[in-house]
Structure formats: structure tokens, C-alpha cells
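What follows is the content of data19.cif (mmCIF, C-alpha atoms).
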```
data_coords
#
loop_
_atom_site.label_atom_id
_atom_site.label_comp_id
_atom_site.auth_asym_id
_atom_site.auth_seq_id
_atom_site.Cartn_x
_atom_site.Cartn_y
_atom_site.Cartn_z
CA MET A 30 218.56 109.12 -141.96
CA SER A 31 221.00 108.70 -139.08
CA ASP A 32 219.79 111.14 -136.39
CA TYR A 33 216.29 110.01 -135.52
CA ARG A 34 216.20 112.43 -132.57
CA GLU A 35 215.12 115.15 -134.98
CA LEU A 36 211.78 113.36 -135.33
CA LEU A 37 211.07 113.02 -131.60
CA PRO A 38 209.25 116.38 -131.26
CA ILE A 39 206.92 115.42 -134.11
CA ALA A 40 206.25 111.97 -132.66
CA THR A 41 205.71 113.46 -129.21
CA GLU A 42 203.17 115.95 -130.51
CA ALA A 43 201.30 113.18 -132.31
CA ILE A 44 201.21 111.10 -129.14
CA ARG A 45 200.04 114.11 -127.10
CA ARG A 46 197.10 114.51 -129.47
CA GLY A 47 196.20 110.84 -129.28
CA ALA A 48 196.42 110.71 -125.49
CA GLU A 49 194.32 113.86 -125.16
CA ALA A 50 191.65 112.21 -127.30
CA MET A 51 191.69 109.08 -125.14
CA ARG A 52 191.26 111.13 -121.97
CA GLY A 53 188.62 113.44 -123.38
CA ARG A 54 186.40 111.31 -125.61
CA SER A 55 184.29 108.22 -125.14
CA PRO A 56 185.15 105.01 -127.04
CA GLY A 57 182.07 105.43 -129.24
CA ALA A 58 180.58 102.57 -131.22
CA LEU A 59 182.38 99.24 -131.12
CA SER A 60 183.17 97.23 -134.26
CA PRO A 61 183.92 93.49 -134.19
CA LYS A 62 187.29 92.37 -135.61
CA GLY A 63 186.65 88.67 -135.92
CA ASP A 64 186.19 86.29 -133.01
CA ARG A 65 186.35 88.08 -129.61
CA ASP A 66 188.25 91.12 -130.88
CA LEU A 67 187.05 94.67 -131.37
CA ALA A 68 187.92 98.23 -132.33
CA SER A 69 186.28 101.35 -131.00
CA GLN A 70 185.16 104.33 -133.03
CA LEU A 71 187.85 106.32 -131.24
CA ASP A 72 190.55 103.94 -132.54
CA PHE A 73 189.64 105.03 -136.07
CA ILE A 74 189.33 108.72 -135.16
CA ILE A 75 192.77 108.86 -133.53
CA GLU A 76 194.40 106.92 -136.36
CA ARG A 77 192.95 109.20 -139.04
CA GLU A 78 193.87 112.38 -137.16
CA LEU A 79 197.45 111.27 -136.47
CA ARG A 80 197.93 109.91 -139.98
CA ALA A 81 196.96 113.32 -141.39
CA TYR A 82 199.23 115.16 -138.95
CA LEU A 83 202.26 112.94 -139.62
CA LEU A 84 201.86 112.92 -143.39
CA ASP A 85 201.74 116.72 -143.32
CA ALA A 86 204.70 117.03 -140.93
CA THR A 87 206.87 114.35 -142.58
CA PRO A 88 205.68 113.84 -146.17
CA GLY A 89 208.66 111.63 -147.06
CA ILE A 90 207.85 109.05 -144.38
CA GLY A 91 205.19 106.38 -144.85
CA PHE A 92 202.53 105.37 -142.37
CA LEU A 93 201.15 102.08 -141.08
CA GLY A 94 198.17 102.06 -138.75
CA GLU A 95 196.54 99.09 -137.07
CA GLU A 96 193.03 99.89 -138.24
CA GLU A 97 193.39 101.17 -141.81
CA GLY A 98 196.72 99.89 -143.05
CA SER A 99 199.62 101.43 -144.94
CA THR A 100 200.20 104.49 -147.10
CA GLY A 101 203.36 106.00 -148.58
CA PRO A 102 206.94 104.68 -148.52
CA VAL A 103 207.68 101.43 -146.72
CA GLU A 104 211.46 101.74 -146.26
CA ILE A 105 210.89 104.26 -143.48
CA ARG A 106 207.46 104.63 -141.94
CA TRP A 107 205.57 105.61 -138.84
CA VAL A 108 203.75 102.74 -137.15
CA LEU A 109 200.76 103.56 -134.96
CA ASP A 110 198.55 101.70 -132.55
CA PRO A 111 195.93 104.36 -131.81
CA ILE A 112 194.72 102.57 -128.69
CA ASP A 113 196.81 99.64 -127.51
CA GLY A 114 194.61 97.72 -125.09
CA THR A 115 191.23 98.68 -126.56
CA ALA A 116 189.43 96.00 -124.54
CA ASN A 117 190.86 97.56 -121.37
CA PHE A 118 190.03 101.10 -122.54
CA VAL A 119 186.37 100.45 -123.27
CA ARG A 120 185.93 98.88 -119.80
CA GLY A 121 187.60 101.78 -118.03
CA ILE A 122 190.73 99.78 -117.14
CA PRO A 123 193.65 102.26 -117.20
CA LEU A 124 196.18 99.78 -118.64
CA CYS A 125 196.11 101.11 -122.20
CA ALA A 126 198.32 103.27 -124.39
CA VAL A 127 198.76 105.23 -127.56
CA SER A 128 201.89 103.95 -129.28
CA LEU A 129 203.84 105.47 -132.18
CA GLY A 130 207.09 104.04 -133.51
CA LEU A 131 209.35 104.49 -136.50
CA LEU A 132 210.55 101.56 -138.59
CA HIS A 133 213.60 102.04 -140.84
CA ARG A 134 214.30 99.03 -143.04
CA ASP A 135 212.14 96.96 -140.65
CA VAL A 136 214.16 97.95 -137.56
CA ALA A 137 212.55 99.92 -134.71
CA VAL A 138 214.56 103.14 -134.35
CA LEU A 139 212.23 105.50 -132.46
CA GLY A 140 209.26 105.17 -130.17
CA VAL A 141 206.89 107.26 -128.08
CA ILE A 142 204.28 105.63 -125.83
CA GLU A 143 201.85 107.43 -123.55
CA LEU A 144 199.75 105.79 -120.85
CA PRO A 145 197.06 108.49 -120.72
CA PHE A 146 195.46 107.43 -117.45
CA LEU A 147 198.73 106.78 -115.60
CA GLY A 148 200.51 110.06 -116.40
CA SER A 149 203.45 108.38 -118.14
CA ARG A 150 205.06 109.25 -121.46
CA TYR A 151 208.00 107.14 -122.63
CA ALA A 152 210.26 108.17 -125.51
CA ALA A 153 213.43 106.98 -127.21
CA ALA A 154 215.40 107.45 -130.40
CA ARG A 155 218.32 105.28 -131.44
CA GLY A 156 221.47 106.43 -129.70
CA ASP A 157 219.67 108.88 -127.41
CA GLY A 158 218.64 106.63 -124.51
CA ALA A 159 215.14 106.08 -123.13
CA HIS A 160 213.16 108.60 -121.10
CA LEU A 161 210.04 108.72 -118.94
CA ASN A 162 208.47 112.17 -118.68
CA GLY A 163 211.81 113.62 -119.74
CA GLN A 164 213.96 111.70 -117.24
CA PRO A 165 216.39 108.91 -118.22
CA ILE A 166 215.29 105.34 -117.45
CA SER A 167 216.94 101.96 -117.67
CA ALA A 168 215.90 98.33 -117.53
CA SER A 169 216.50 96.33 -114.36
CA THR A 170 219.54 94.14 -113.83
CA THR A 171 217.58 91.09 -112.66
CA GLY A 172 219.45 87.95 -113.67
CA GLU A 173 217.48 85.10 -112.11
CA LEU A 174 214.02 83.97 -113.19
CA SER A 175 213.16 83.27 -109.59
CA GLU A 176 213.52 87.03 -108.95
CA ALA A 177 211.83 88.18 -112.16
CA ILE A 178 208.38 89.59 -112.83
CA VAL A 179 207.47 88.45 -116.33
CA ALA A 180 204.64 89.84 -118.46
CA ILE A 181 203.13 87.60 -121.10
CA GLY A 182 201.00 88.79 -124.01
CA ASP A 183 197.31 88.11 -124.43
CA TYR A 184 196.12 84.67 -125.39
CA ALA A 185 195.13 84.34 -129.03
CA VAL A 186 191.61 84.84 -130.30
CA GLY A 187 190.16 84.33 -133.76
CA ALA A 188 191.08 81.70 -136.33
CA LYS A 189 193.07 78.74 -135.00
CA ALA A 190 193.17 80.28 -131.52
CA ALA A 191 193.18 76.89 -129.80
CA ALA A 192 196.25 75.74 -131.72
CA ARG A 193 198.04 79.07 -131.22
CA ASN A 194 197.28 79.04 -127.51
CA ARG A 195 198.85 75.63 -126.96
CA LEU A 196 202.30 77.20 -126.71
CA ARG A 197 201.01 80.21 -124.77
CA LEU A 198 199.42 77.97 -122.14
CA ALA A 199 202.48 75.74 -121.92
CA LEU A 200 204.76 78.75 -121.52
CA THR A 201 202.51 80.23 -118.83
CA ALA A 202 202.69 76.94 -116.94
CA ARG A 203 206.49 76.86 -117.15
CA LEU A 204 206.77 80.51 -116.08
CA ALA A 205 204.47 79.83 -113.12
CA GLU A 206 207.02 77.24 -111.95
CA GLU A 207 210.11 79.40 -112.47
CA ALA A 208 209.38 83.13 -112.31
CA GLN A 209 208.72 85.18 -109.19
CA ARG A 210 205.43 86.40 -110.69
CA VAL A 211 203.62 86.28 -114.06
CA ARG A 212 201.50 89.21 -115.27
CA MET A 213 199.12 89.78 -118.21
CA THR A 214 198.26 93.46 -118.62
CA GLY A 215 196.52 93.38 -121.99
CA SER A 216 198.80 95.99 -123.59
CA ALA A 217 202.06 95.07 -125.33
CA ALA A 218 203.14 98.72 -125.46
CA LEU A 219 202.70 99.04 -121.70
CA ASP A 220 204.61 95.80 -121.09
CA LEU A 221 207.61 97.02 -123.10
CA ALA A 222 207.51 100.47 -121.51
CA TRP A 223 207.44 98.96 -118.02
CA LEU A 224 210.36 96.70 -119.01
CA ALA A 225 212.29 99.81 -120.06
CA GLU A 226 211.48 101.47 -116.73
CA GLY A 227 212.47 98.44 -114.68
CA ARG A 228 208.99 97.78 -113.28
CA ILE A 229 209.07 94.32 -114.83
CA ASP A 230 211.98 92.19 -116.00
CA ALA A 231 210.65 90.54 -119.17
CA ALA A 232 207.84 91.02 -121.69
CA LEU A 233 207.02 87.99 -123.84
CA THR A 234 204.65 88.26 -126.79
CA LEU A 235 204.34 85.16 -128.96
CA SER A 236 203.45 87.21 -132.02
CA ASN A 237 204.79 90.31 -133.72
CA ASN A 238 202.41 92.91 -135.12
CA ALA A 239 204.38 96.03 -136.01
CA TRP A 240 201.81 98.40 -134.49
CA ASP A 241 201.99 96.55 -131.18
CA MET A 242 205.76 96.35 -130.97
CA THR A 243 207.68 99.06 -132.84
CA ALA A 244 207.58 101.87 -130.30
CA GLY A 245 208.07 99.60 -127.30
CA VAL A 246 210.96 97.72 -128.87
CA ALA A 247 212.79 100.97 -129.62
CA ILE A 248 212.25 102.24 -126.06
CA ALA A 249 213.19 98.95 -124.38
CA ARG A 250 216.40 98.63 -126.37
CA GLU A 251 217.48 102.18 -125.59
CA ALA A 252 216.86 101.41 -121.91
CA GLY A 253 219.31 98.50 -122.09
CA ALA A 254 216.92 95.57 -122.56
CA SER A 255 217.49 92.81 -125.10
CA VAL A 256 214.79 92.13 -127.70
CA VAL A 257 215.07 88.99 -129.80
CA ASP A 258 213.05 86.54 -131.87
CA ARG A 259 212.32 83.03 -130.63
CA ASP A 260 215.61 81.76 -132.10
CA GLY A 261 217.67 84.42 -130.34
CA THR A 262 218.30 86.57 -133.42
CA ASP A 263 217.79 90.33 -133.18
CA HIS A 264 214.16 91.32 -133.34
CA ASN A 265 212.80 93.18 -136.37
CA ALA A 266 209.45 93.64 -138.07
CA SER A 267 209.70 90.21 -139.73
CA SER A 268 210.36 88.29 -136.50
CA ALA A 269 207.90 85.60 -135.44
CA MET A 270 207.84 86.57 -131.75
CA THR A 271 208.93 89.36 -129.43
CA ILE A 272 211.05 88.15 -126.51
CA ALA A 273 212.20 91.16 -124.49
CA SER A 274 214.00 91.10 -121.16
CA THR A 275 217.01 92.15 -119.16
CA PRO A 276 220.08 90.75 -120.95
CA PRO A 277 220.92 88.12 -118.27
CA LEU A 278 217.45 86.53 -118.60
CA VAL A 279 217.40 86.01 -122.37
CA ASP A 280 218.95 82.54 -122.49
CA ALA A 281 216.81 81.20 -119.65
CA LEU A 282 213.63 82.53 -121.27
CA LEU A 283 214.49 81.08 -124.68
CA ALA A 284 215.21 77.72 -123.05
CA LEU A 285 211.89 77.86 -121.22
CA LEU A 286 210.11 78.69 -124.49
CA ALA A 287 211.77 75.72 -126.20
CA GLU A 288 210.72 73.42 -123.34
CA ALA A 289 207.15 74.70 -123.51
CA ASP A 290 207.09 74.15 -127.27
CA SER A 291 208.10 70.51 -126.83
CA GLN A 292 205.43 69.67 -124.26
CA PRO A 293 201.76 69.27 -125.11
CA VAL A 294 199.26 71.04 -122.91
CA PRO A 295 196.99 68.60 -121.08
CA VAL A 296 193.34 68.96 -122.03
CA PRO A 297 191.01 68.71 -119.01
CA ALA A 298 188.62 65.78 -119.21
CA SER A 299 184.98 66.75 -119.44
CA GLY A 300 183.19 65.74 -116.30
CA GLY A 301 179.76 64.16 -116.14
CA SER A 302 176.96 65.02 -113.76
#
```
Turn the structure described in the file into C-alpha cells.
Amino acid sequence: MSDYRELLPIATEAIRRGAEAMRGRSPGALSPKGDRDLASQLDFIIERELRAYLLDATPGIGFLGEEEGSTGPVEIRWVLDPIDGTANFVRGIPLCAVSLGLLHRDVAVLGVIELPFLGSRYAAARGDGAHLNGQPISASTTGELSEAIVAIGDYAVGAKAAARNRLRLALTARLAEEAQRVRMTGSAALDLAWLAEGRIDAALTLSNNAWDMTAGVAIAREAGASVVDRDGTDHNASSAMTIASTPPLVDALLALLAEADSQPVPVPASGGS
């Protein structure tokens, strides 16, 4: 397939259905997903409904959902996060999204993200630019970290969280010294959409789950942002990290990440009474 634009109406309808469910239904029962992570009943409902819709509309395309995994072909497949930012959603925090992307040979080629409580729907297909509510958008041209607002992904939870957070904490400390502001929204899809719109200048996630990243990566790239792995190579589904920013900031951010990785995070001494 070369013209992914043909699939945008289908992806947009799927996203409309998911966003409508988020606005109109309660989260329902909550299920633990390991240490300090959770899924809502509505996560599963949306994923099952959109999986059925997409498999009917595009039977030759596979599907990967965050909650219930993969079905069908893997060379080209839809990738869905039914509620990105579930912890925000269940607390009534409006920074959450429904996110649907298309991976073709592990490269993000299409994405639609809706922020149901903010009235924003972002869409992009390779070669067609990025759009917000039907209007073209582009990433900012910020070129200095001192002028940049940088979003960083959530700290790790679950197995080996302390070890995984060493780099996250060190990077946060370095960003606090260099960037204009540092933000943590709790939704990777929202971070990448806001990068595409120019609201923020970089979105750094030190992991790479396809359901979190596919749609946002496609949208950010079509808006003119750069998205790379930690070594500066082009980002794909096999990358270790997702480093997305305005093109002039990439080198500075990768250098900052390398510095953070070389410096241990001080552990506060436990105080006595």
C-alpha cells in the first residue's frame, strides 16, 4: 500500500466511536496490571468494539490492542490504545486520549488521536501532512533548549521500576537545568499530538510500546517533527525509546540523554528522628 490516506476515514470513524464512549460511559470496574498500573472496564469495551469494526472494515489488515494483544497479519496492522492515560481518565483529569495508528513493516504511517474532553482530533497519513480538526498544523521551530517546553513520559512502575527510573530521574534533573519548562501529562499520545501542534517542543518517552506511540509518531512526523531512537536512528516499532522534537533540538536532547545516562542519581539519605 502506498496511499494510506484512503484509510483515514475508517480510522477517523473508529476514533469517533472510541471518543464517544469515553465521553458517555463511566470507567467501570478497575483491573490491576501489576504494580501501580491499571486498566478500566471501558478500556476493554472500547478495544473490543474497535477491533470488531476495523476487522470488518479492513479484513486484510491486522490489529494490535494494548489490552488483548494481536490478531491477523503483522506486516500491516492497526495499533490501538483504547484509553491512553487511563489513570487520568478514571480520576476525571481531561489529559487522556483514544489513539489509533497504522504500522506498515514496523513504521508508523498513519495516526488519528482524539482528546475527547478537550475537543481536539489530530490526524495524519504519510505524505498528507498533519491536521487538527481538519486544519493543517505544524511543529514549532524552537531551536534552543532554554526556550523549549519539554514533555517527559511517566516514570516506570512494575518490575525493576527503580532501576528503570534511574535514567528517567537523571534526565528530568538535566532538563530542569536546561529547558524552559518540563511537563509530565500522563499521556504519550497527547504529548506527541501537542508536539505536532506546536504547543510543546519535545516529547521524550524512555520506552516504546507500539500502542502508545504509533499514532502520535505518524502525526508528529507529518507535522515536521523529528522522531528518533536514543542513538539518533529513525524511530520504528523496534526502537528502545521515543525521542521526538523540533529538528533543531534533536542533537541537544540526545546529548542530554547521554549525559544523564552516565551520571548516577543520588539516593537521599534516610533521616533519623
Test item: residues at most 8 Å from Gly158 of chain A, all atoms listed in the file, excluding those fewer than 6 positions along its chain, as a PyMOL selection string: chain A and resi 165-166+248+251-252
Selected residue, from A:Leu59, A:Ala222, A:Ile75, A:Ala249, that lies nearest to Ile44 of chain A when counting only C-alpha atoms: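 Smallest separation from Ile44 of chain A among the options: A:Ile75.
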Output check: residues returned by the PyMOL selection byres ((chain A and resi 113) around 12), as a VMD selection string: chain A and resid 47 to 48 51 67 to 69 71 to 72 75 to 76 94 to 96 109 to 112 114 to 119 123 to 129 142 to 145 183 214 to 221 238 to 242 244 to 245
Please save C-alpha atoms of the selected residues as a short mmCIF file (atom, residue, chain, number, x, y, z; two decimals), keeping the file's coordinate frame.
```cif
data_model
loop_
_atom_site.label_atom_id
_atom_site.label_comp_id
_atom_site.auth_asym_id
_atom_site.auth_seq_id
_atom_site.Cartn_x
_atom_site.Cartn_y
_atom_site.Cartn_z
CA GLY A 47 196.20 110.84 -129.28
CA ALA A 48 196.42 110.71 -125.49
CA MET A 51 191.69 109.08 -125.14
CA LEU A 67 187.05 94.67 -131.37
CA ALA A 68 187.92 98.23 -132.33
CA SER A 69 186.28 101.35 -131.00
CA LEU A 71 187.85 106.32 -131.24
CA ASP A 72 190.55 103.94 -132.54
CA ILE A 75 192.77 108.86 -133.53
CA GLU A 76 194.40 106.92 -136.36
CA GLY A 94 198.17 102.06 -138.75
CA GLU A 95 196.54 99.09 -137.07
CA GLU A 96 193.03 99.89 -138.24
CA LEU A 109 200.76 103.56 -134.96
CA ASP A 110 198.55 101.70 -132.55
CA PRO A 111 195.93 104.36 -131.81
CA ILE A 112 194.72 102.57 -128.69
CA GLY A 114 194.61 97.72 -125.09
CA THR A 115 191.23 98.68 -126.56
CA ALA A 116 189.43 96.00 -124.54
CA ASN A 117 190.86 97.56 -121.37
CA PHE A 118 190.03 101.10 -122.54
CA VAL A 119 186.37 100.45 -123.27
CA PRO A 123 193.65 102.26 -117.20
CA LEU A 124 196.18 99.78 -118.64
CA CYS A 125 196.11 101.11 -122.20
CA ALA A 126 198.32 103.27 -124.39
CA VAL A 127 198.76 105.23 -127.56
CA SER A 128 201.89 103.95 -129.28
CA LEU A 129 203.84 105.47 -132.18
CA ILE A 142 204.28 105.63 -125.83
CA GLU A 143 201.85 107.43 -123.55
CA LEU A 144 199.75 105.79 -120.85
CA PRO A 145 197.06 108.49 -120.72
CA ASP A 183 197.31 88.11 -124.43
CA THR A 214 198.26 93.46 -118.62
CA GLY A 215 196.52 93.38 -121.99
CA SER A 216 198.80 95.99 -123.59
CA ALA A 217 202.06 95.07 -125.33
CA ALA A 218 203.14 98.72 -125.46
CA LEU A 219 202.70 99.04 -121.70
CA ASP A 220 204.61 95.80 -121.09
CA LEU A 221 207.61 97.02 -123.10
CA ASN A 238 202.41 92.91 -135.12
CA ALA A 239 204.38 96.03 -136.01
CA TRP A 240 201.81 98.40 -134.49
CA ASP A 241 201.99 96.55 -131.18
CA MET A 242 205.76 96.35 -130.97
CA ALA A 244 207.58 101.87 -130.30
CA GLY A 245 208.07 99.60 -127.30
#
```
Could you state the separation of atom CA of Glu104 of chain A and atom CA of Val138 of chain A in Å, given to one decimal place? 12.4 Å
Find the residue from A:Asn194, A:Thr243, A:Thr87, A:Thr171 that sits nearest to Val108 of chain A; use only C-alpha atoms when measuring. A:Thr243
Using only C-alpha atoms, can you list as a list in words the residues within 12 Å of (206.4, 112.5, -147.4)?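 Selection result: Arg80, Ala81, Tyr82, Leu83, Leu84, Asp85, Ala86, Thr87, Pro88, Gly89, Ile90, Gly91, Phe92, Thr100, Gly101, Pro102, Val103, Glu104, Ile105, Arg106 and Trp107 of chain A.
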As a check of understanding, name the residues that the PyMOL selection byres ((chain A and resi 34) around 9) selects in the supplied structure, as an NGL selection string. :A and (31-33 or 35-38 or 139 or 153-157)
With distances taken over all atoms listed in the file, which residue among A:Glu42, A:Glu173, A:Asp263, A:Asp290 lies nearest Leu235 of chain A?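 Using all atoms listed in the file, the shortest distance to Leu235 of chain A belongs to A:Asp290.
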Got a sec to resolve the PyMOL selection byres ((chain A and resi 210) around 12) on this structure and send the residues as a PyMOL selection string? chain A and resi 174-181+201-209+211-213+229-231
With C-alpha atoms retained, write the just-selected residues as a tab-separated table (two decimals), keeping the file's coordinate frame.
```tsv
chain	number	residue	atom	x	y	z
A	174	LEU	CA	214.02	83.97	-113.19
A	175	SER	CA	213.16	83.27	-109.59
A	176	GLU	CA	213.52	87.03	-108.95
A	177	ALA	CA	211.83	88.18	-112.16
A	178	ILE	CA	208.38	89.59	-112.83
A	179	VAL	CA	207.47	88.45	-116.33
A	180	ALA	CA	204.64	89.84	-118.46
A	181	ILE	CA	203.13	87.60	-121.10
A	201	THR	CA	202.51	80.23	-118.83
A	202	ALA	CA	202.69	76.94	-116.94
A	203	ARG	CA	206.49	76.86	-117.15
A	204	LEU	CA	206.77	80.51	-116.08
A	205	ALA	CA	204.47	79.83	-113.12
A	206	GLU	CA	207.02	77.24	-111.95
A	207	GLU	CA	210.11	79.40	-112.47
A	208	ALA	CA	209.38	83.13	-112.31
A	209	GLN	CA	208.72	85.18	-109.19
A	211	VAL	CA	203.62	86.28	-114.06
A	212	ARG	CA	201.50	89.21	-115.27
A	213	MET	CA	199.12	89.78	-118.21
A	229	ILE	CA	209.07	94.32	-114.83
A	230	ASP	CA	211.98	92.19	-116.00
A	231	ALA	CA	210.65	90.54	-119.17
```
Given 4 Å of margin on each side, can you work out the centre and size in Å (one decimal) of an axis-aligned box holding every listed atom of segment 157-160 of chain A, as JSON?
```
{"center_x": 216.4, "center_y": 107.5, "center_z": -124.3, "size_x": 14.5, "size_y": 10.8, "size_z": 14.3}
```
Selected residue of minimal separation from Tyr184 of chain A among A:Arg134, A:Arg65, A:Arg250, A:Arg120, counting only C-alpha atoms: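 Using only C-alpha atoms, Tyr184 of chain A sits closest to A:Arg65.
For the atom pair formed by atom CA of Arg52 of chain A and atom CA of Ala185 of chain A, the distance is 28.0 Å, given to one decimal.
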With distances taken over only C-alpha atoms, which of A:Leu283, A:Val136, A:Ala168, A:Ala199 is nearest to Ser267 of chain A? A:Val136
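Distances here use all atoms listed in the file; by that measure, the residue among A:Ala152, A:Leu286, A:Ser167, A:Gln292 closest to Ser255 of chain A is A:Ser167.
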Within 12 Å of (216.8, 89.6, -134.3) (file coordinates; only C-alpha atoms), which protein or nucleic acid residues are there? I'd like them as JSON, numbers by chain. {"A": [135, 136, 137, 246, 255, 256, 257, 258, 259, 260, 261, 262, 263, 264, 265, 266, 267, 268, 269, 270, 271, 272, 273]}
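Note that atom CA of Arg77 of chain A and atom CA of Gly182 of chain A are 26.6 Å apart.
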Please produce segment 44-53 of chain A, completed to all heavy atoms, as a tab-separated table (two decimals), keeping the file's coordinate frame.
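Generated output (result.tsv):
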```
chain	number	residue	atom	x	y	z
A	44	ILE	N	201.63	111.88	-130.29
A	44	ILE	CA	201.21	111.10	-129.14
A	44	ILE	C	200.39	111.97	-128.17
A	44	ILE	O	199.40	111.51	-127.59
A	44	ILE	CB	202.43	110.49	-128.43
A	44	ILE	CG1	202.96	109.32	-129.24
A	44	ILE	CG2	202.09	110.05	-127.01
A	44	ILE	CD1	202.04	108.11	-129.29
A	45	ARG	N	200.81	113.21	-127.98
A	45	ARG	CA	200.04	114.11	-127.10
A	45	ARG	C	198.61	114.24	-127.60
A	45	ARG	O	197.66	114.20	-126.80
A	45	ARG	CB	200.71	115.48	-127.06
A	45	ARG	CG	200.05	116.45	-126.07
A	45	ARG	CD	200.46	117.89	-126.33
A	45	ARG	NE	199.95	118.38	-127.61
A	45	ARG	CZ	198.67	118.75	-127.81
A	45	ARG	NH1	197.78	118.66	-126.84
A	45	ARG	NH2	198.30	119.21	-129.00
A	46	ARG	N	198.44	114.38	-128.89
A	46	ARG	CA	197.10	114.51	-129.47
A	46	ARG	C	196.28	113.24	-129.26
A	46	ARG	O	195.10	113.29	-128.91
A	46	ARG	CB	197.19	114.84	-130.96
A	46	ARG	CG	197.82	116.18	-131.26
A	46	ARG	CD	197.85	116.47	-132.75
A	46	ARG	NE	198.53	117.72	-133.04
A	46	ARG	CZ	198.39	118.40	-134.19
A	46	ARG	NH1	197.61	117.90	-135.16
A	46	ARG	NH2	199.04	119.53	-134.38
A	47	GLY	N	196.92	112.09	-129.47
A	47	GLY	CA	196.20	110.84	-129.28
A	47	GLY	C	195.80	110.61	-127.84
A	47	GLY	O	194.68	110.19	-127.54
A	48	ALA	N	196.72	110.90	-126.91
A	48	ALA	CA	196.42	110.71	-125.49
A	48	ALA	C	195.34	111.66	-125.02
A	48	ALA	O	194.47	111.30	-124.21
A	48	ALA	CB	197.70	110.92	-124.67
A	49	GLU	N	195.36	112.89	-125.52
A	49	GLU	CA	194.32	113.86	-125.16
A	49	GLU	C	192.96	113.36	-125.62
A	49	GLU	O	191.96	113.50	-124.90
A	49	GLU	CB	194.65	115.20	-125.80
A	49	GLU	CG	193.71	116.33	-125.41
A	49	GLU	CD	194.16	117.65	-126.02
A	49	GLU	OE1	193.92	117.86	-127.24
A	49	GLU	OE2	194.74	118.46	-125.29
A	50	ALA	N	192.91	112.76	-126.81
A	50	ALA	CA	191.65	112.21	-127.30
A	50	ALA	C	191.17	111.06	-126.42
A	50	ALA	O	189.97	110.96	-126.11
A	50	ALA	CB	191.81	111.75	-128.75
A	51	MET	N	192.08	110.20	-126.00
A	51	MET	CA	191.69	109.08	-125.14
A	51	MET	C	191.14	109.55	-123.81
A	51	MET	O	190.18	109.00	-123.28
A	51	MET	CB	192.87	108.15	-124.91
A	51	MET	CG	193.24	107.29	-126.11
A	51	MET	SD	194.68	106.24	-125.79
A	51	MET	CE	194.03	105.09	-124.57
A	52	ARG	N	191.74	110.61	-123.25
A	52	ARG	CA	191.26	111.13	-121.97
A	52	ARG	C	189.96	111.90	-122.10
A	52	ARG	O	189.16	111.94	-121.16
A	52	ARG	CB	192.33	112.04	-121.35
A	52	ARG	CG	193.53	111.30	-120.78
A	52	ARG	CD	194.42	112.24	-119.97
A	52	ARG	NE	195.03	113.24	-120.83
A	52	ARG	CZ	196.25	113.14	-121.34
A	52	ARG	NH1	196.99	112.06	-121.08
A	52	ARG	NH2	196.75	114.09	-122.11
A	53	GLY	N	189.74	112.51	-123.26
A	53	GLY	CA	188.62	113.44	-123.38
A	53	GLY	C	187.41	112.94	-124.13
A	53	GLY	O	186.37	113.62	-124.14
```
